[in-house]
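Have a look at protein06.cif; it's mmCIF, C-alpha atoms:
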data_run
loop_
_atom_site.label_atom_id
_atom_site.label_comp_id
_atom_site.auth_asym_id
_atom_site.auth_seq_id
_atom_site.Cartn_x
_atom_site.Cartn_y
_atom_site.Cartn_z
CA MET X 419 81.83 71.10 12.25
CA THR X 420 84.55 71.71 9.71
CA VAL X 421 86.84 69.25 7.92
CA LEU X 422 89.56 70.08 10.44
CA HIS X 423 87.25 69.04 13.29
CA VAL X 424 86.47 65.71 11.66
CA ILE X 425 90.14 64.95 10.96
CA PHE X 426 91.10 65.92 14.49
CA LEU X 427 88.38 63.85 16.16
CA VAL X 428 89.05 60.73 14.07
CA THR X 429 92.80 61.03 14.69
CA ALA X 430 92.32 61.65 18.40
CA VAL X 431 90.03 58.64 18.83
CA VAL X 432 92.38 56.35 16.87
CA THR X 433 95.46 57.62 18.74
CA LEU X 434 93.94 57.34 22.20
CA GLY X 435 92.42 53.94 21.42
CA ALA X 436 95.79 52.69 20.21
CA ALA X 437 97.46 54.17 23.30
CA VAL X 438 95.03 52.29 25.55
CA MET X 439 95.84 49.10 23.64
CA VAL X 440 99.58 49.80 24.14
CA VAL X 441 99.21 49.78 27.92
CA THR X 442 96.70 46.91 28.09
CA ALA X 443 97.80 44.42 25.40
CA ARG X 444 99.12 41.19 26.88
CA ASN X 445 101.48 40.39 24.01
CA LEU X 446 104.30 42.95 23.95
CA ILE X 447 104.73 42.70 20.18
CA HIS X 448 101.08 43.71 19.82
CA SER X 449 101.79 46.55 22.26
CA ALA X 450 104.63 47.74 20.04
CA LEU X 451 102.45 47.58 16.91
CA TRP X 452 99.70 49.60 18.64
CA LEU X 453 102.41 52.05 19.70
CA ILE X 454 103.32 52.53 16.04
CA LEU X 455 99.67 53.33 15.20
CA SER X 456 99.50 55.73 18.13
CA LEU X 457 102.73 57.49 17.09
CA PHE X 458 101.38 57.79 13.56
CA GLY X 459 98.25 59.44 14.93
CA VAL X 460 100.45 61.92 16.78
CA ALA X 461 102.25 62.63 13.49
CA VAL X 462 98.87 63.51 11.93
CA ILE X 463 98.22 65.84 14.88
CA TYR X 464 101.54 67.59 14.15
CA GLY X 465 100.36 67.95 10.57
CA LEU X 466 97.12 69.55 11.79
CA LEU X 467 99.21 72.00 13.84
CA SER X 468 101.05 72.94 10.60
CA ALA X 469 104.31 71.56 11.97
CA ALA X 470 105.15 69.53 8.87
CA PHE X 471 108.76 69.10 9.97
CA PHE X 472 107.66 67.35 13.15
CA ALA X 473 105.21 65.12 11.32
CA VAL X 474 108.10 63.84 9.18
CA VAL X 475 110.52 63.61 12.12
CA GLN X 476 107.89 61.71 14.10
CA VAL X 477 107.60 59.09 11.37
CA VAL X 478 111.36 58.85 10.81
CA ILE X 479 112.60 58.88 14.41
CA TYR X 480 109.73 57.47 16.46
CA ILE X 481 108.26 54.93 14.05
CA GLY X 482 111.40 54.29 12.03
CA ALA X 483 113.90 54.08 14.86
CA ILE X 484 112.42 53.97 18.35
CA ALA X 485 109.51 51.59 17.68
CA ILE X 486 111.75 49.23 15.70
CA LEU X 487 114.36 49.34 18.48
CA MET X 488 111.63 48.41 20.95
CA ILE X 489 110.50 45.46 18.83
CA PHE X 490 114.14 44.29 18.74
CA ALA X 491 114.43 44.64 22.51
CA ILE X 492 111.17 42.71 23.02
CA MET X 493 112.40 39.90 20.79
CA LEU X 494 115.79 39.77 22.52
CA THR X 495 114.25 39.58 26.00
CA ARG X 496 111.42 37.11 25.49
CA ARG X 497 110.78 34.24 27.79
CA VAL X 498 107.88 31.86 28.15
CA LYS X 499 107.19 32.70 31.77
CA GLN X 500 106.34 36.34 31.21
CA ASP X 501 103.37 35.38 29.02
CA VAL X 502 101.60 33.83 32.01
CA GLY X 503 100.41 35.65 35.11
CA SER X 504 99.39 39.26 35.49
CA ILE X 505 100.85 41.89 33.17
CA VAL X 506 100.31 44.62 35.76
CA ASN X 507 101.73 44.92 39.25
CA LYS X 508 99.78 44.89 42.49
CA GLY X 509 99.21 48.63 42.63
CA TRP X 510 97.73 48.95 39.12
CA TRP X 511 94.41 50.30 40.38
CA LEU X 512 96.29 53.03 42.24
CA ALA X 513 98.10 53.91 39.02
CA GLY X 514 94.79 54.01 37.14
CA LEU X 515 93.24 56.16 39.83
CA LEU X 516 96.21 58.54 39.82
CA ALA X 517 96.06 58.83 36.02
CA LEU X 518 92.32 59.59 36.16
CA VAL X 519 92.75 62.16 38.93
CA LEU X 520 95.63 63.80 37.05
CA PHE X 521 93.56 63.97 33.85
CA THR X 522 90.62 65.54 35.65
CA ALA X 523 92.89 67.98 37.46
CA LEU X 524 94.69 68.96 34.24
CA VAL X 525 91.46 69.54 32.31
CA TRP X 526 90.03 71.54 35.21
CA LEU X 527 93.25 73.58 35.45
CA PHE X 528 93.25 74.27 31.70
CA SER X 529 89.57 75.23 31.70
CA THR X 530 90.18 77.90 34.35
CA TRP X 531 92.87 79.48 32.14
CA SER X 532 91.71 82.41 30.02
CA GLY X 533 93.64 81.22 26.94
CA PHE X 534 91.96 77.81 26.91
CA ARG X 535 89.73 78.62 23.93
CA THR X 536 92.35 80.47 21.88
CA PRO X 537 91.15 80.23 18.26
CA LEU X 538 93.56 79.11 15.54
CA PRO X 539 95.58 82.15 14.41
CA GLU X 540 96.53 82.59 10.77
CA LEU X 541 100.13 81.70 9.97
CA ALA X 542 102.12 84.34 8.12
CA THR X 543 102.24 83.03 4.56
CA ASP X 544 105.55 84.68 3.65
CA VAL X 545 107.52 82.91 6.41
CA ASP X 546 108.93 79.42 5.90
CA THR X 547 108.70 77.89 9.39
CA ILE X 548 111.19 75.11 8.70
CA LYS X 549 113.73 77.65 7.44
CA VAL X 550 113.22 79.80 10.55
CA LEU X 551 113.55 76.73 12.80
CA GLY X 552 116.75 75.61 11.07
CA ALA X 553 118.25 79.09 11.33
CA ALA X 554 117.24 79.39 15.01
CA LEU X 555 118.84 76.05 15.88
CA VAL X 556 122.28 77.08 14.62
CA SER X 557 122.16 80.77 15.44
CA PRO X 558 124.42 81.86 18.34
CA SER X 559 121.74 84.34 19.47
CA HIS X 560 119.14 81.56 19.69
CA TYR X 561 119.55 77.86 20.39
CA VAL X 562 122.94 76.74 19.15
CA LEU X 563 124.06 75.82 22.67
CA PRO X 564 121.13 73.49 23.53
CA PHE X 565 121.38 72.09 20.01
CA GLU X 566 125.06 71.19 20.45
CA VAL X 567 124.44 69.84 23.96
CA ALA X 568 121.73 67.62 22.48
CA SER X 569 124.23 66.34 19.90
CA VAL X 570 126.74 65.51 22.64
CA LEU X 571 123.96 63.84 24.63
CA LEU X 572 123.05 61.66 21.65
CA LEU X 573 126.69 60.71 21.14
CA ALA X 574 127.09 59.89 24.83
CA ALA X 575 123.89 57.82 24.76
CA LEU X 576 125.15 55.98 21.68
CA ILE X 577 128.47 55.10 23.30
CA GLY X 578 126.78 54.36 26.63
CA ALA X 579 124.28 51.99 25.00
CA VAL X 580 127.08 50.09 23.25
CA VAL X 581 129.12 49.84 26.48
CA VAL X 582 126.14 48.74 28.60
CA ALA X 583 124.87 46.13 26.15
CA TRP X 584 128.38 44.83 25.31
CA GLU X 585 128.77 41.13 26.05
CA ARG X 586 132.06 40.70 27.85
CA LYS X 587 133.87 37.51 26.89
CA SER X 588 135.93 36.52 29.93
CA MET P 359 86.70 76.75 14.64
CA ILE P 360 89.22 74.40 16.19
CA SER P 361 90.70 75.84 19.39
CA LEU P 362 93.66 75.20 21.67
CA SER P 363 91.41 73.31 24.12
CA TYR P 364 91.11 70.31 21.76
CA PHE P 365 94.84 69.74 21.68
CA LEU P 366 95.35 70.34 25.40
CA VAL P 367 92.67 67.83 26.41
CA PHE P 368 93.93 65.31 23.85
CA ALA P 369 97.52 65.64 25.08
CA ALA P 370 96.40 65.38 28.72
CA ALA P 371 94.55 62.14 27.92
CA LEU P 372 97.56 60.71 26.07
CA PHE P 373 99.85 61.69 28.96
CA CYS P 374 97.62 60.00 31.52
CA ILE P 375 97.35 56.79 29.49
CA GLY P 376 101.14 56.75 29.25
CA LEU P 377 101.42 57.46 32.96
CA TYR P 378 99.19 54.50 33.73
CA GLY P 379 101.30 52.29 31.46
CA ALA P 380 104.55 53.46 33.04
CA MET P 381 103.30 52.87 36.58
CA ALA P 382 101.18 49.72 36.24
CA ARG P 383 102.97 47.48 33.75
CA LYS P 384 105.44 44.85 34.93
CA ASN P 385 107.54 44.50 31.82
CA SER P 386 110.29 47.10 31.53
CA VAL P 387 109.87 47.57 27.78
CA ALA P 388 106.15 48.25 28.37
CA ILE P 389 107.14 50.86 30.96
CA LEU P 390 109.38 52.49 28.36
CA MET P 391 106.48 52.52 25.89
CA GLY P 392 104.37 54.34 28.48
CA ILE P 393 107.14 56.91 28.87
CA GLU P 394 107.25 57.36 25.07
CA LEU P 395 103.51 58.12 25.06
CA MET P 396 104.03 60.70 27.82
CA LEU P 397 106.89 62.37 25.92
CA ASN P 398 104.72 62.52 22.80
CA ALA P 399 101.96 64.22 24.77
CA VAL P 400 104.47 66.80 25.99
CA VAL P 401 105.67 67.54 22.45
CA ILE P 402 102.05 67.92 21.26
CA ASN P 403 101.55 70.51 24.00
CA LEU P 404 104.73 72.38 23.05
CA ILE P 405 103.77 72.53 19.38
CA ALA P 406 100.12 73.37 20.14
CA PHE P 407 101.20 76.29 22.35
CA TRP P 408 103.57 77.45 19.61
CA ARG P 409 100.84 77.26 16.95
CA PHE P 410 98.08 78.91 18.98
CA ARG P 411 99.88 81.37 21.25
CA THR P 412 103.14 82.47 19.61
CA PRO P 413 103.24 81.38 15.95
CA GLU P 414 105.72 84.18 15.19
CA VAL P 415 108.30 82.96 17.74
CA ILE P 416 110.04 79.66 16.96
CA THR P 417 110.93 78.77 20.59
CA GLY P 418 108.21 76.12 20.96
CA GLN P 419 109.46 74.15 17.98
CA ALA P 420 113.11 74.46 19.04
CA PHE P 421 112.16 73.08 22.46
CA ALA P 422 110.31 70.19 20.78
CA VAL P 423 113.43 69.31 18.73
CA ILE P 424 115.45 69.01 21.95
CA VAL P 425 112.73 66.81 23.52
CA PHE P 426 112.93 64.51 20.48
CA ALA P 427 116.70 64.18 20.88
CA VAL P 428 116.42 63.44 24.60
CA ALA P 429 113.68 60.86 23.94
CA ALA P 430 115.88 59.05 21.43
CA ALA P 431 118.84 59.02 23.85
CA GLU P 432 116.63 57.78 26.67
CA VAL P 433 115.27 54.87 24.63
CA ALA P 434 118.72 53.82 23.42
CA VAL P 435 120.21 53.71 26.92
CA GLY P 436 117.05 52.17 28.44
CA LEU P 437 116.87 49.30 25.98
CA ALA P 438 120.62 48.64 26.33
CA LEU P 439 120.14 48.41 30.10
CA PHE P 440 117.26 45.97 29.67
CA ILE P 441 119.32 43.73 27.39
CA ALA P 442 122.22 43.81 29.87
CA ILE P 443 119.88 42.96 32.77
CA TYR P 444 118.21 40.21 30.76
CA ARG P 445 121.61 38.65 30.13
CA GLN P 446 122.33 38.59 33.87
CA ARG P 447 118.93 37.68 35.32
CA GLN P 448 116.91 36.15 32.44
CA THR P 449 114.07 38.56 33.20
CA ILE P 450 113.11 42.18 32.60
CA ALA P 451 109.98 42.18 34.78
CA ALA P 452 110.35 45.32 36.89
CA ASP P 453 109.34 43.55 40.12
CA GLU P 454 111.97 40.83 39.70
CA ILE P 455 114.87 43.24 39.23
CA ASP P 456 115.43 43.69 42.96
CA LEU P 457 119.20 43.40 43.39
CA LEU P 458 119.30 46.66 45.34
CA LYS P 459 116.41 45.66 47.64
CA TRP P 460 117.17 44.00 51.00
#

Could you take the file, read its structure, and then write that structure out as structure tokens?
Amino acid sequence: MTVLHVIFLVTAVVTLGAAVMVVTARNLIHSALWLILSLFGVAVIYGLLSAAFFAVVQVVIYIGAIAILMIFAIMLTRRVKQDVGSIVNKGWWLAGLLALVLFTALVWLFSTWSGFRTPLPELATDVDTIKVLGAALVSPSHYVLPFEVASVLLLAALIGAVVVAWERKS
Amino acid sequence: MISLSYFLVFAAALFCIGLYGAMARKNSVAILMGIELMLNAVVINLIAFWRFRTPEVITGQAFAVIVFAVAAAEVAVGLALFIAIYRQRQTIAADEIDLLKW
């Protein structure tokens, strides 16, 4: 039981508990706040995996942008009626069952794989991962094409979101 | 020693919780939150595989960057759609948006 174990277990329990609250909380604002806690837990997991860049990006993009956008959307689409009655649809037990079966199947599938218990390899200390990642994303021999396509996708989504949500005054 | 199995099981659990949320909840924003949890689980897997299996190749992280961008685009368009639907129908409960059902 090392320090890494303790940090991982605490983070995992907090993250999964918050995730369960996200899908079960009646009040959507509470759901969104639990989502923020859960996303923060995931950021800690990225930190444990020595992906510092992703830990920061997780906080900036997911918590800073996506979660706030969701809270805005919840506030813009509130109505009294949705706070009464069931928060889940008729087939919720089927969804729960499917999720459980999928989890069991995934864990079983992983456990039959020979690399399941791969121990943590040492990272090369002389390589700056963030520098390598940045270079790979703009290098023509690596990922410059998907990177640029992602930029165009973001721009298209930006314009699309504005067009879709635009209130037409007729 | 911490091993790859921890992260795989954790990500599988997070994915399944998100899956339940995406399939069972009525409110569209709650469905989107479930999808966010699932995407996060996927990115954890990508980075865990990078860290444990191929730490010398950067592909896993590059893939994760693209997933982040797609997730952001998806949320922006999704929430814009919900606001547009809310303006038309005064509801975003998934079972009440049934214009295409007859």

Between chain X and chain P, at 6 Å or less, what are the per-residue closest atom pairs and their distances in Å? Count only C-alpha atoms, order by chain and rising residue number, and return it as a Markdown table.
| residue | atom | partner | partner_atom | distance |
| --- | --- | --- | --- | --- |
| X:Val441 | CA | P:Gly379 | CA | 4.8 |
| X:Ile505 | CA | P:Lys384 | CA | 5.7 |
| X:Val506 | CA | P:Arg383 | CA | 4.4 |
| X:Asn507 | CA | P:Ala382 | CA | 5.7 |
| X:Trp510 | CA | P:Ala382 | CA | 4.6 |
| X:Ala513 | CA | P:Tyr378 | CA | 5.4 |
| X:Gly514 | CA | P:Tyr378 | CA | 5.6 |
| X:Ala517 | CA | P:Cys374 | CA | 4.9 |
| X:Phe534 | CA | P:Ser363 | CA | 5.3 |
| X:Arg535 | CA | P:Ser361 | CA | 5.4 |
| X:Thr536 | CA | P:Leu362 | CA | 5.4 |
| X:Pro537 | CA | P:Ser361 | CA | 4.6 |
| X:Leu538 | CA | P:Phe410 | CA | 5.7 |
| X:Leu572 | CA | P:Ala431 | CA | 5.4 |
| X:Ala575 | CA | P:Ala431 | CA | 5.3 |
| X:Ala579 | CA | P:Val435 | CA | 4.8 |
| X:Val582 | CA | P:Ala438 | CA | 6.0 |
| X:Ala583 | CA | P:Ala438 | CA | 4.9 |

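Residues matched by the PyMOL selection byres ((chain X and resi 547) around 10) in this structure: X:Ser468, X:Ala469, X:Ala470, X:Phe471, X:Leu541, X:Ala542, X:Thr543, X:Asp544, X:Val545, X:Asp546, X:Ile548, X:Lys549, X:Val550, X:Leu551, X:Gly552, X:Ala553, P:Pro413, P:Glu414, P:Val415, P:Ile416, P:Gln419.
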
Do you know which residues the PyMOL selection byres ((chain X and resi 462) around 10) returns on this file, as a list in words?
->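 Expected selection for the PyMOL selection byres ((chain X and resi 462) around 10) here is Ile425, Phe426, Thr429, Ala430, Thr433, Ser456, Leu457, Phe458, Gly459, Val460, Ala461, Ile463, Tyr464, Gly465, Leu466, Leu467, Ser468, Ala469, Ala470, Phe472, Ala473, Val474, Gln476 and Val477 of chain X.
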
Quick one: pull the distance between CA of Trp452 in chain X and CA of Ala436 in chain X, Å, one decimal.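 CA of Ala436 in chain X lies 5.2 Å from CA of Trp452 in chain X.
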
What does the distance between CA of Val580 in chain X and CA of Arg496 in chain X come to in Å, to one decimal place?
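According to the coordinates, CA of Val580 in chain X and CA of Arg496 in chain X are separated by 20.5 Å.
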
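Note that the spacing between CA of Ile481 in chain X and CA of Met493 in chain X amounts to 17.0 Å.
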